Every structure is written in C-alpha cells, then in structure tokens.
Amino acid sequence: MAVRIYEDARAMRRAIRRETGYENPKGGAFTITDGEGVAHVFFAASMLLLDFVAHEASHVAMDAVARKFGKRSLFDRQEEVATISGEFVRLFWNKYLGLDDDFHVLGTARLFEQNFTKELV
Ligand SMILES: [Zn+2]
C-alpha cells in the first residue's frame, strides 16, 4: 500500500488527476488499487480526519478481498460500505468524546443514539 498525504485538498486532487486520471472534485480522500494489487491512498493533511481514514481503509480492505477471489470488486455497493465505516468511526469518537454531531447518513447515527453506551471497564 502506498499512502500519500498532500498539504491541502487542491494539491491532493491535482495528484489524483495526474497519477490516476480520475477526478475527485468533492472527495476528501481517494483510494485506487492498481493492476498489481497495490492500493494507492491519497489524503490531504488539512482534511485528515479519522472518518476519512476509516472510509479509505474500507476501500483498501474490500479491494484486497476482491483481488484475493479474482474479482475487480466485491459488489457494486462498496462506496456505501466505506461510507458507513467512516460514519461509524466519526460517530463513535464524537460520542465517546461528548462532541456535538448532527451530520449523519444511512441511519448510522440513529443506531448510535439507540445503542451507544459508554462504559469504561
Ligand atoms: Zn469512497
């Protein structure tokens, strides 16, 4: 795996375009797995958030499992799985640290509201 961290989103997006040919105008990070099975992960230091790392790590894991079974991708909903992983990590830390958080997708926040209990053992 090759992880690159650029100073800001503009530099990251320029590198993504130059190195992969893809445009990623709204994304805060990007992952692509090459023909050799090497995952290339792009981050911007100014937007380096835990949920982005979890999101991209999910893409790396799904690409690796797909490659292991000789497929290009596991299924056509990988973006949704990565989004839920990122949401999970962000909501977990915000809840754990007691931070306000009103942004959520795909019902992940509801799951946390109903089931999150913090017990330190
Ligand atoms: Zn994604």
# chains A, B, ... in the order shown; residues from 1 in each chain; ligands from 1
>>> closest_atom_pairs(of="chain A", to="ligand 1", cutoff="8 Å", atoms="only C-alpha atoms and all ligand atoms", output="tab-separated table")
residue	atom	partner	partner_atom_place_in_ligand_line	distance
A:Ala29	CA	ligand 1	1 (Zn)	7.9
A:Phe30	CA	ligand 1	1 (Zn)	6.8
A:Thr31	CA	ligand 1	1 (Zn)	7.4
A:His55	CA	ligand 1	1 (Zn)	6.2
A:Glu56	CA	ligand 1	1 (Zn)	6.3
A:His59	CA	ligand 1	1 (Zn)	6.5
A:Gln78	CA	ligand 1	1 (Zn)	7.5
A:Glu79	CA	ligand 1	1 (Zn)	4.8
A:Glu80	CA	ligand 1	1 (Zn)	7.7
A:Ala82	CA	ligand 1	1 (Zn)	5.6
A:Thr83	CA	ligand 1	1 (Zn)	6.5
>>> write_last_selection(atoms="C-alpha atoms", output="tab-separated table (two decimals), in the first residue's frame")
chain	number	residue	atom	x	y	z
A	29	ALA	CA	-9.54	11.35	0.20
A	30	PHE	CA	-9.18	8.77	-2.55
A	31	THR	CA	-8.12	5.13	-2.96
A	55	HIS	CA	-13.51	5.17	4.79
A	56	GLU	CA	-10.36	4.67	2.70
A	59	HIS	CA	-11.88	0.55	0.27
A	78	GLN	CA	-18.60	-0.66	-1.94
A	79	GLU	CA	-18.99	3.10	-1.62
A	80	GLU	CA	-21.92	2.67	0.77
A	82	ALA	CA	-16.99	2.60	3.07
A	83	THR	CA	-19.34	5.47	3.95
>>> select_by_dssp(residues="chain A", states="strand (DSSP E)", output="list in words")
Ala2, Val3, Arg4, Ile5, Tyr6, Ala29, Phe30, Thr31, Ile32, Thr33, Ala39, His40, Val41, Phe42, Phe43 and Ala44 of chain A
>>> closest_residue(among="A:Ala9, A:Met1, A:Val65, A:Ala57", to="Ala39 of chain A", atoms="only C-alpha atoms")
A:Met1
>>> closest_residue(among="A:Val81, A:Ile16, A:Met62, A:Ala11", to="Met47 of chain A", atoms="only C-alpha atoms")
A:Ala11
>>> closest_residue(among="A:Pro25, A:Arg18, A:Gly98, A:Asp34", to="Ala2 of chain A", atoms="only C-alpha atoms")
A:Asp34
>>> select_by_dssp(residues="chain A", states="alpha helix (DSSP H)", output="ChimeraX atom specification")
/A:9-20,50-68,78-97,108-115
>>> residues_around(residues="segment 50-52 of chain A", least_positions_apart="6", cutoff="9 Å", atoms="only C-alpha atoms", output="NGL selection string")
:A and (28-29 or 43 or 83 or 85-91 or 93)
>>> decode(residues="segment 18-47 of chain A", atoms="N, CA, C and O atoms", output="PDB file, in the first residue's frame")
ATOM      1  N   ARG A  18      -3.410  13.613 -11.944  1.00  0.00           N
ATOM      2  CA  ARG A  18      -2.153  13.347 -12.648  1.00  0.00           C
ATOM      3  C   ARG A  18      -1.779  11.857 -12.608  1.00  0.00           C
ATOM      4  O   ARG A  18      -1.379  11.277 -13.603  1.00  0.00           O
ATOM      5  N   GLU A  19      -1.942  11.236 -11.437  1.00  0.00           N
ATOM      6  CA  GLU A  19      -1.440   9.873 -11.264  1.00  0.00           C
ATOM      7  C   GLU A  19      -2.447   8.782 -11.621  1.00  0.00           C
ATOM      8  O   GLU A  19      -2.061   7.649 -11.901  1.00  0.00           O
ATOM      9  N   THR A  20      -3.742   9.098 -11.573  1.00  0.00           N
ATOM     10  CA  THR A  20      -4.736   8.057 -11.835  1.00  0.00           C
ATOM     11  C   THR A  20      -5.649   8.373 -13.012  1.00  0.00           C
ATOM     12  O   THR A  20      -6.323   7.478 -13.515  1.00  0.00           O
ATOM     13  N   GLY A  21      -5.730   9.648 -13.380  1.00  0.00           N
ATOM     14  CA  GLY A  21      -6.645  10.042 -14.435  1.00  0.00           C
ATOM     15  C   GLY A  21      -8.063  10.281 -13.942  1.00  0.00           C
ATOM     16  O   GLY A  21      -8.935  10.670 -14.717  1.00  0.00           O
ATOM     17  N   TYR A  22      -8.302  10.065 -12.654  1.00  0.00           N
ATOM     18  CA  TYR A  22      -9.644  10.274 -12.098  1.00  0.00           C
ATOM     19  C   TYR A  22      -9.794  11.687 -11.569  1.00  0.00           C
ATOM     20  O   TYR A  22      -8.828  12.305 -11.106  1.00  0.00           O
ATOM     21  N   GLU A  23     -11.024  12.175 -11.631  1.00  0.00           N
ATOM     22  CA  GLU A  23     -11.372  13.441 -10.992  1.00  0.00           C
ATOM     23  C   GLU A  23     -12.047  13.109  -9.667  1.00  0.00           C
ATOM     24  O   GLU A  23     -12.842  12.177  -9.586  1.00  0.00           O
ATOM     25  N   ASN A  24     -11.731  13.857  -8.640  1.00  0.00           N
ATOM     26  CA  ASN A  24     -12.328  13.631  -7.319  1.00  0.00           C
ATOM     27  C   ASN A  24     -12.681  14.984  -6.707  1.00  0.00           C
ATOM     28  O   ASN A  24     -12.147  15.366  -5.674  1.00  0.00           O
ATOM     29  N   PRO A  25     -13.590  15.728  -7.382  1.00  0.00           N
ATOM     30  CA  PRO A  25     -13.802  17.123  -7.014  1.00  0.00           C
ATOM     31  C   PRO A  25     -14.355  17.348  -5.618  1.00  0.00           C
ATOM     32  O   PRO A  25     -14.072  18.354  -5.005  1.00  0.00           O
ATOM     33  N   LYS A  26     -15.140  16.414  -5.092  1.00  0.00           N
ATOM     34  CA  LYS A  26     -15.767  16.641  -3.786  1.00  0.00           C
ATOM     35  C   LYS A  26     -15.133  15.815  -2.676  1.00  0.00           C
ATOM     36  O   LYS A  26     -15.389  16.055  -1.505  1.00  0.00           O
ATOM     37  N   GLY A  27     -14.353  14.811  -3.041  1.00  0.00           N
ATOM     38  CA  GLY A  27     -13.841  13.878  -2.038  1.00  0.00           C
ATOM     39  C   GLY A  27     -12.747  14.473  -1.174  1.00  0.00           C
ATOM     40  O   GLY A  27     -11.974  15.308  -1.610  1.00  0.00           O
ATOM     41  N   GLY A  28     -12.698  14.005   0.064  1.00  0.00           N
ATOM     42  CA  GLY A  28     -11.645  14.436   0.977  1.00  0.00           C
ATOM     43  C   GLY A  28     -10.481  13.477   1.016  1.00  0.00           C
ATOM     44  O   GLY A  28      -9.477  13.737   1.684  1.00  0.00           O
ATOM     45  N   ALA A  29     -10.606  12.364   0.287  1.00  0.00           N
ATOM     46  CA  ALA A  29      -9.544  11.355   0.202  1.00  0.00           C
ATOM     47  C   ALA A  29      -9.887  10.462  -0.987  1.00  0.00           C
ATOM     48  O   ALA A  29     -10.983  10.547  -1.558  1.00  0.00           O
ATOM     49  N   PHE A  30      -8.945   9.597  -1.369  1.00  0.00           N
ATOM     50  CA  PHE A  30      -9.181   8.775  -2.551  1.00  0.00           C
ATOM     51  C   PHE A  30      -8.320   7.521  -2.475  1.00  0.00           C
ATOM     52  O   PHE A  30      -7.178   7.567  -2.005  1.00  0.00           O
ATOM     53  N   THR A  31      -8.877   6.390  -2.913  1.00  0.00           N
ATOM     54  CA  THR A  31      -8.123   5.134  -2.961  1.00  0.00           C
ATOM     55  C   THR A  31      -8.341   4.466  -4.303  1.00  0.00           C
ATOM     56  O   THR A  31      -9.461   4.427  -4.816  1.00  0.00           O
ATOM     57  N   ILE A  32      -7.269   3.950  -4.864  1.00  0.00           N
ATOM     58  CA  ILE A  32      -7.377   3.150  -6.083  1.00  0.00           C
ATOM     59  C   ILE A  32      -6.369   2.004  -5.967  1.00  0.00           C
ATOM     60  O   ILE A  32      -5.258   2.194  -5.454  1.00  0.00           O
ATOM     61  N   THR A  33      -6.772   0.809  -6.395  1.00  0.00           N
ATOM     62  CA  THR A  33      -5.876  -0.344  -6.380  1.00  0.00           C
ATOM     63  C   THR A  33      -5.436  -0.615  -7.804  1.00  0.00           C
ATOM     64  O   THR A  33      -6.271  -0.733  -8.707  1.00  0.00           O
ATOM     65  N   ASP A  34      -4.116  -0.687  -8.018  1.00  0.00           N
ATOM     66  CA  ASP A  34      -3.596  -0.860  -9.374  1.00  0.00           C
ATOM     67  C   ASP A  34      -3.616  -2.335  -9.802  1.00  0.00           C
ATOM     68  O   ASP A  34      -4.027  -3.216  -9.040  1.00  0.00           O
ATOM     69  N   GLY A  35      -3.172  -2.600 -11.002  1.00  0.00           N
ATOM     70  CA  GLY A  35      -3.199  -3.944 -11.564  1.00  0.00           C
ATOM     71  C   GLY A  35      -2.325  -4.945 -10.831  1.00  0.00           C
ATOM     72  O   GLY A  35      -2.507  -6.154 -10.952  1.00  0.00           O
ATOM     73  N   GLU A  36      -1.377  -4.427 -10.055  1.00  0.00           N
ATOM     74  CA  GLU A  36      -0.510  -5.301  -9.248  1.00  0.00           C
ATOM     75  C   GLU A  36      -1.109  -5.582  -7.873  1.00  0.00           C
ATOM     76  O   GLU A  36      -0.503  -6.280  -7.064  1.00  0.00           O
ATOM     77  N   GLY A  37      -2.249  -4.976  -7.588  1.00  0.00           N
ATOM     78  CA  GLY A  37      -2.877  -5.170  -6.277  1.00  0.00           C
ATOM     79  C   GLY A  37      -2.388  -4.212  -5.209  1.00  0.00           C
ATOM     80  O   GLY A  37      -2.661  -4.409  -4.029  1.00  0.00           O
ATOM     81  N   VAL A  38      -1.653  -3.183  -5.631  1.00  0.00           N
ATOM     82  CA  VAL A  38      -1.162  -2.190  -4.670  1.00  0.00           C
ATOM     83  C   VAL A  38      -2.199  -1.081  -4.535  1.00  0.00           C
ATOM     84  O   VAL A  38      -2.595  -0.462  -5.525  1.00  0.00           O
ATOM     85  N   ALA A  39      -2.631  -0.839  -3.302  1.00  0.00           N
ATOM     86  CA  ALA A  39      -3.590   0.244  -3.045  1.00  0.00           C
ATOM     87  C   ALA A  39      -2.824   1.555  -2.929  1.00  0.00           C
ATOM     88  O   ALA A  39      -1.816   1.637  -2.232  1.00  0.00           O
ATOM     89  N   HIS A  40      -3.320   2.564  -3.629  1.00  0.00           N
ATOM     90  CA  HIS A  40      -2.751   3.917  -3.550  1.00  0.00           C
ATOM     91  C   HIS A  40      -3.790   4.797  -2.869  1.00  0.00           C
ATOM     92  O   HIS A  40      -4.904   4.952  -3.376  1.00  0.00           O
ATOM     93  N   VAL A  41      -3.430   5.333  -1.717  1.00  0.00           N
ATOM     94  CA  VAL A  41      -4.370   6.111  -0.916  1.00  0.00           C
ATOM     95  C   VAL A  41      -3.871   7.553  -0.854  1.00  0.00           C
ATOM     96  O   VAL A  41      -2.704   7.798  -0.548  1.00  0.00           O
ATOM     97  N   PHE A  42      -4.777   8.480  -1.147  1.00  0.00           N
ATOM     98  CA  PHE A  42      -4.448   9.909  -1.180  1.00  0.00           C
ATOM     99  C   PHE A  42      -5.205  10.631  -0.066  1.00  0.00           C
ATOM    100  O   PHE A  42      -6.424  10.480   0.046  1.00  0.00           O
ATOM    101  N   PHE A  43      -4.480  11.399   0.726  1.00  0.00           N
ATOM    102  CA  PHE A  43      -5.094  12.233   1.758  1.00  0.00           C
ATOM    103  C   PHE A  43      -4.582  13.656   1.620  1.00  0.00           C
ATOM    104  O   PHE A  43      -3.497  13.886   1.078  1.00  0.00           O
ATOM    105  N   ALA A  44      -5.360  14.593   2.171  1.00  0.00           N
ATOM    106  CA  ALA A  44      -4.907  15.974   2.310  1.00  0.00           C
ATOM    107  C   ALA A  44      -4.717  16.239   3.799  1.00  0.00           C
ATOM    108  O   ALA A  44      -5.625  15.984   4.589  1.00  0.00           O
ATOM    109  N   ALA A  45      -3.547  16.727   4.176  1.00  0.00           N
ATOM    110  CA  ALA A  45      -3.259  16.945   5.600  1.00  0.00           C
ATOM    111  C   ALA A  45      -4.269  17.882   6.239  1.00  0.00           C
ATOM    112  O   ALA A  45      -4.651  17.700   7.394  1.00  0.00           O
ATOM    113  N   SER A  46      -4.721  18.870   5.476  1.00  0.00           N
ATOM    114  CA  SER A  46      -5.664  19.851   6.031  1.00  0.00           C
ATOM    115  C   SER A  46      -7.051  19.258   6.264  1.00  0.00           C
ATOM    116  O   SER A  46      -7.890  19.879   6.908  1.00  0.00           O
ATOM    117  N   MET A  47      -7.306  18.059   5.723  1.00  0.00           N
ATOM    118  CA  MET A  47      -8.613  17.406   5.893  1.00  0.00           C
ATOM    119  C   MET A  47      -8.425  15.975   6.402  1.00  0.00           C
ATOM    120  O   MET A  47      -9.242  15.105   6.120  1.00  0.00           O
TER     121      MET A  47
END
